[in-house]
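Undergrad: You'll find run-v3.txt just under this line, and it carries compact mmCIF, C-alpha atoms.
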```txt
# COMPACT_ATOMS: atom_id res chain seq x y z
CA MET A 1 9.37 1.38 -19.19
CA ALA A 2 5.64 1.13 -19.72
CA SER A 3 4.23 0.18 -23.09
CA LEU A 4 1.46 2.29 -24.55
CA SER A 5 -0.17 -0.86 -25.90
CA PHE A 6 -0.18 -2.32 -22.38
CA ILE A 7 -1.89 0.81 -21.07
CA ILE A 8 -4.58 0.64 -23.74
CA PHE A 9 -5.22 -3.08 -23.67
CA CYS A 10 -5.38 -3.63 -19.87
CA PRO A 11 -8.94 -2.24 -19.66
CA LEU A 12 -9.88 -3.94 -22.93
CA ALA A 13 -8.57 -7.31 -21.72
CA ALA A 14 -10.48 -6.89 -18.45
CA ALA A 15 -13.64 -6.17 -20.46
CA LEU A 16 -13.09 -9.34 -22.49
CA VAL A 17 -12.61 -11.43 -19.34
CA ILE A 18 -15.77 -9.98 -17.79
CA ALA A 19 -17.69 -10.68 -21.00
CA LEU A 20 -16.64 -14.34 -20.86
CA LEU A 21 -17.67 -14.81 -17.23
CA PRO A 22 -21.18 -15.91 -16.28
CA ALA A 23 -23.59 -13.32 -14.92
CA GLY A 24 -23.98 -12.90 -11.19
CA LEU A 25 -20.32 -12.58 -10.18
CA ARG A 26 -20.68 -8.98 -9.00
CA VAL A 27 -17.60 -8.80 -6.81
CA LEU A 28 -15.39 -10.39 -9.46
CA PHE A 29 -16.65 -7.95 -12.11
CA ARG A 30 -15.85 -5.03 -9.85
CA LEU A 31 -12.41 -6.34 -8.93
CA LEU A 32 -11.53 -7.02 -12.56
CA ALA A 33 -12.63 -3.52 -13.56
CA ILE A 34 -10.59 -1.96 -10.77
CA ALA A 35 -7.57 -4.15 -11.58
CA GLY A 36 -7.71 -3.36 -15.31
CA THR A 37 -7.98 0.37 -14.77
CA PHE A 38 -5.37 0.32 -11.98
CA LEU A 39 -2.83 -1.38 -14.25
CA ALA A 40 -3.54 1.21 -16.93
CA LEU A 41 -3.10 3.97 -14.34
CA VAL A 42 0.24 2.57 -13.17
CA GLY A 43 1.43 2.31 -16.76
CA ALA A 44 0.28 5.84 -17.55
CA ALA A 45 2.04 7.14 -14.43
CA ARG A 46 5.26 5.41 -15.51
CA VAL A 47 4.98 6.99 -18.96
CA PHE A 48 4.29 10.40 -17.41
CA LEU A 49 7.24 10.15 -15.03
CA GLY A 50 9.52 8.77 -17.75
CA PHE A 51 8.63 11.48 -20.25
CA GLU A 52 11.57 13.73 -21.11
CA ALA A 53 10.27 17.27 -21.42
CA GLY A 54 11.83 19.61 -23.92
CA GLY A 55 12.00 17.23 -26.85
CA ALA A 56 10.09 18.06 -30.00
CA GLU A 57 9.53 14.49 -31.14
CA PHE A 58 7.10 11.84 -29.95
CA GLN A 59 8.24 9.50 -27.19
CA PHE A 60 7.38 5.91 -26.27
CA VAL A 61 6.67 5.32 -29.96
CA GLU A 62 5.31 1.94 -31.07
CA GLN A 63 4.86 1.24 -34.75
CA ALA A 64 3.77 -1.77 -36.78
CA ASP A 65 2.19 -2.32 -40.19
CA TRP A 66 -1.55 -2.78 -40.01
CA ILE A 67 -3.44 -2.29 -43.29
CA ARG A 68 -0.85 -1.71 -45.99
CA ALA A 69 -3.41 -1.26 -48.76
CA LEU A 70 -4.74 1.84 -47.00
CA GLY A 71 -1.37 3.01 -45.76
CA ALA A 72 -2.60 2.63 -42.19
CA GLY A 73 -0.37 1.45 -39.40
CA TYR A 74 -0.48 0.73 -35.71
CA HIS A 75 1.39 3.86 -34.64
CA LEU A 76 1.31 5.04 -31.02
CA GLY A 77 3.26 7.76 -29.21
CA VAL A 78 2.98 10.64 -26.78
CA ASP A 79 4.11 14.24 -26.83
CA GLY A 80 4.08 16.90 -24.14
CA LEU A 81 0.35 17.51 -24.43
CA ASN A 82 -1.13 14.06 -24.58
CA VAL A 83 1.16 12.53 -21.94
CA GLY A 84 -0.79 14.55 -19.37
CA LEU A 85 -4.11 13.68 -21.00
CA LEU A 86 -3.16 10.00 -20.93
CA LEU A 87 -2.49 10.16 -17.19
CA MET A 88 -5.68 12.12 -16.56
CA ALA A 89 -7.80 9.66 -18.56
CA ALA A 90 -6.29 6.72 -16.69
CA MET A 91 -7.03 8.42 -13.36
CA VAL A 92 -10.63 9.13 -14.38
CA GLY A 93 -11.10 5.54 -15.57
CA PHE A 94 -9.74 4.16 -12.30
CA ALA A 95 -11.86 6.57 -10.26
CA ALA A 96 -14.97 5.61 -12.25
CA ALA A 97 -14.31 1.93 -11.59
CA CYS A 98 -13.83 2.61 -7.87
CA VAL A 99 -16.88 4.80 -7.32
CA SER A 100 -19.21 2.51 -9.26
CA TRP A 101 -19.03 -0.11 -6.52
CA GLU A 102 -22.67 0.64 -5.69
CA ILE A 103 -24.01 -0.31 -9.14
CA GLU A 104 -26.64 -3.00 -8.58
CA HIS A 105 -28.36 -3.47 -11.94
CA ARG A 106 -26.71 -4.93 -15.03
CA GLU A 107 -23.26 -4.79 -13.45
CA LYS A 108 -21.67 -7.01 -16.07
CA GLU A 109 -22.78 -4.78 -18.94
CA TYR A 110 -21.88 -1.63 -17.03
CA TYR A 111 -18.31 -2.71 -16.32
CA ILE A 112 -17.77 -3.98 -19.86
CA LEU A 113 -18.92 -0.64 -21.28
CA LEU A 114 -16.88 1.33 -18.74
CA LEU A 115 -13.73 -0.60 -19.61
CA LEU A 116 -14.35 -0.23 -23.35
CA ILE A 117 -14.75 3.53 -22.92
CA THR A 118 -11.56 3.71 -20.86
CA GLY A 119 -9.55 1.70 -23.38
CA GLY A 120 -10.95 3.73 -26.26
CA VAL A 121 -10.15 7.07 -24.64
CA LEU A 122 -6.62 5.96 -23.74
CA GLY A 123 -6.08 4.75 -27.30
CA THR A 124 -7.46 7.98 -28.73
CA PHE A 125 -4.90 10.03 -26.81
CA VAL A 126 -1.89 8.03 -28.02
CA ALA A 127 -2.90 7.12 -31.60
CA LEU A 128 -0.68 8.71 -34.24
CA ASP A 129 -2.42 7.15 -37.24
CA LEU A 130 -5.71 8.64 -38.41
CA LEU A 131 -7.49 5.32 -38.96
CA LEU A 132 -6.31 4.02 -35.60
CA PHE A 133 -7.46 7.25 -33.97
CA TYR A 134 -10.88 6.76 -35.57
CA VAL A 135 -11.11 3.15 -34.36
CA PHE A 136 -10.26 4.10 -30.78
CA HIS A 137 -12.58 7.10 -30.90
CA GLU A 138 -15.48 4.91 -32.01
CA LEU A 139 -14.51 2.36 -29.38
CA ALA A 140 -15.13 5.09 -26.81
CA LEU A 141 -18.23 6.62 -28.42
CA ILE A 142 -20.39 3.56 -29.02
CA PRO A 143 -20.24 2.29 -25.40
CA THR A 144 -20.88 5.84 -24.22
CA PHE A 145 -24.11 5.86 -26.24
CA LEU A 146 -25.10 2.46 -24.87
CA MET A 147 -24.55 3.52 -21.27
```
Using structure tokens, write down the structure from this file.

TA:
Amino acid sequence: MASLSFIIFCPLAAALVIALLPAGLRVLFRLLAIAGTFLALVGAARVFLGFEAGGAEFQFVEQADWIRALGAGYHLGVDGLNVGLLLMAAMVGFAAACVSWEIEHREKEYYILLLLITGGVLGTFVALDLLLFYVFHELALIPTFLM
């Protein structure tokens, strides 16, 4: 069974690895971006195929305490609506990584921002806590502005 955290953090981990690499490794940046988004896509497909339709409650729920003083937690899950959106976002992220093979200027920055957007959008679709939703939403919006 695929973990929602795994789906979210594959693109984010790939972005971190690309950020730590020296500039000029174009092919490696591209392969890491494709690998990170592909792993997220495979995980999202497993969640989509493993989703049991007809239930009223959230599935694939992950929950942990985060900021107790604010009552905020790390709470993820999917329902019948956002399981499809999760798969769609993962497909779009993978497609964007694949079709951007022709990027020639500032590739490192481009792929970092693309992976941050992908991770943020995936997290936005599965967040069940308002503060966590806001964090993921901003994680998608700020790189979108910078692109």

Undergrad: Counting only C-alpha atoms, write as a ChimeraX atom specification all protein and nucleic acid residues lying at most 10 Å from (4.8, 8.5, -15.6) in the file's frame.

TA: /A:1-2,41-51,83-84,86-87

Undergrad: Using only C-alpha atoms, can you tell me which of A:Leu32, A:Ala69, A:Leu4, A:Leu12 comes closest to Ala140 of chain A?

TA: A:Leu12

Undergrad: Rank nothing, just name the residue among A:Val126, A:Ile142, A:Val61, A:Ala23 nearest to Arg106 of chain A, using only C-alpha atoms.

TA: A:Ala23

Undergrad: Atom CA of Tyr110 of chain A and atom CA of Leu132 of chain A are how many Å apart?

TA: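 So the two atoms, atom CA of Tyr110 of chain A and atom CA of Leu132 of chain A, lie 24.9 Å apart.
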
Undergrad: Smallest atom-to-atom distance to Asp129 of chain A: which of A:Gly71, A:Pro11, A:Gly93, A:Gly80, using only C-alpha atoms?

TA: A:Gly71

Undergrad: In terms of the shortest atom-to-atom distance over all atoms listed in the file, which of A:Leu39, A:Leu25, A:Val121, A:Leu115 is closest to Ser3 of chain A?

TA: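 For Ser3 of chain A, the nearest of the candidates is A:Leu39.
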
Undergrad: Could you tell me how far atom CA of Pro22 of chain A lies from atom CA of Phe38 of chain A, in Å and to one decimal?

TA: 23.1 Å

Undergrad: Around segment 88-96 of chain A, fit a box with edges along x, y and z, padding it by 8 Å on each side, then list its centre and edge lengths in Å to one decimal as lines of an AutoDock Vina configuration file.

TA:
```
center_x = -10.3
center_y = 8.1
center_z = -14.4
size_x = 25.3
size_y = 24.0
size_z = 24.3
```

Undergrad: Check the smallest atom-to-atom distance from each of A:Thr37, A:Gln63, A:Thr144, A:Thr124 to Val92 of chain A using only C-alpha atoms, then report the winner.

TA: A:Thr37

Undergrad: I want to know what sits within 12 Å of Arg30 of chain A, based on only C-alpha atoms, with residues of the same chain fewer than 6 positions away left out; could you give that as a list in words?

TA: Ala14, Ala15, Val17, Ile18, Gly24, Gly36, Thr37, Phe38, Phe94, Ala96, Ala97, Cys98, Val99, Ser100, Trp101, Glu102, Ile103, Glu104, Glu107, Lys108, Glu109, Tyr110, Tyr111, Ile112, Leu114 and Leu115 of chain A

Undergrad: Counting all atoms listed in the file, figure out which residue out of A:Leu21, A:Leu131, A:Phe29, A:Phe125 gets nearest to Trp66 of chain A.

TA: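 Among the listed residues, A:Leu131 lies closest to Trp66 of chain A.
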
Undergrad: Just the number, please: distance in Å from atom CA of Leu85 of chain A to atom CA of Ala35 of chain A, one decimal.

TA: 20.5 Å

Undergrad: Counting only C-alpha atoms, find residues at most 10 Å from (-8.0, -1.8, -24.6) (file frame) and give them as an mmCIF file with C-alpha atoms, in the frame of the given file.

TA:
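So part-v5.cif came out as:
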```cif
data_model
loop_
_atom_site.group_PDB
_atom_site.id
_atom_site.type_symbol
_atom_site.label_atom_id
_atom_site.label_comp_id
_atom_site.auth_asym_id
_atom_site.auth_seq_id
_atom_site.Cartn_x
_atom_site.Cartn_y
_atom_site.Cartn_z
ATOM 1 C CA SER A 5 -0.170 -0.860 -25.900
ATOM 2 C CA PHE A 6 -0.180 -2.320 -22.380
ATOM 3 C CA ILE A 7 -1.890 0.810 -21.070
ATOM 4 C CA ILE A 8 -4.580 0.640 -23.740
ATOM 5 C CA PHE A 9 -5.220 -3.080 -23.670
ATOM 6 C CA CYS A 10 -5.380 -3.630 -19.870
ATOM 7 C CA PRO A 11 -8.940 -2.240 -19.660
ATOM 8 C CA LEU A 12 -9.880 -3.940 -22.930
ATOM 9 C CA ALA A 13 -8.570 -7.310 -21.720
ATOM 10 C CA ALA A 14 -10.480 -6.890 -18.450
ATOM 11 C CA ALA A 15 -13.640 -6.170 -20.460
ATOM 12 C CA LEU A 16 -13.090 -9.340 -22.490
ATOM 13 C CA GLY A 36 -7.710 -3.360 -15.310
ATOM 14 C CA ALA A 40 -3.540 1.210 -16.930
ATOM 15 C CA LEU A 115 -13.730 -0.600 -19.610
ATOM 16 C CA LEU A 116 -14.350 -0.230 -23.350
ATOM 17 C CA ILE A 117 -14.750 3.530 -22.920
ATOM 18 C CA THR A 118 -11.560 3.710 -20.860
ATOM 19 C CA GLY A 119 -9.550 1.700 -23.380
ATOM 20 C CA GLY A 120 -10.950 3.730 -26.260
ATOM 21 C CA VAL A 121 -10.150 7.070 -24.640
ATOM 22 C CA LEU A 122 -6.620 5.960 -23.740
ATOM 23 C CA GLY A 123 -6.080 4.750 -27.300
ATOM 24 C CA PHE A 136 -10.260 4.100 -30.780
ATOM 25 C CA LEU A 139 -14.510 2.360 -29.380
#
```

Undergrad: Could you name the residues that touch Phe58 of chain A at 12 Å or less, counting all atoms listed in the file, but leaving out those on the same chain fewer than 6 positions away, as a VMD selection string?

TA: chain A and resid 51 to 52 75 to 83 126 to 128
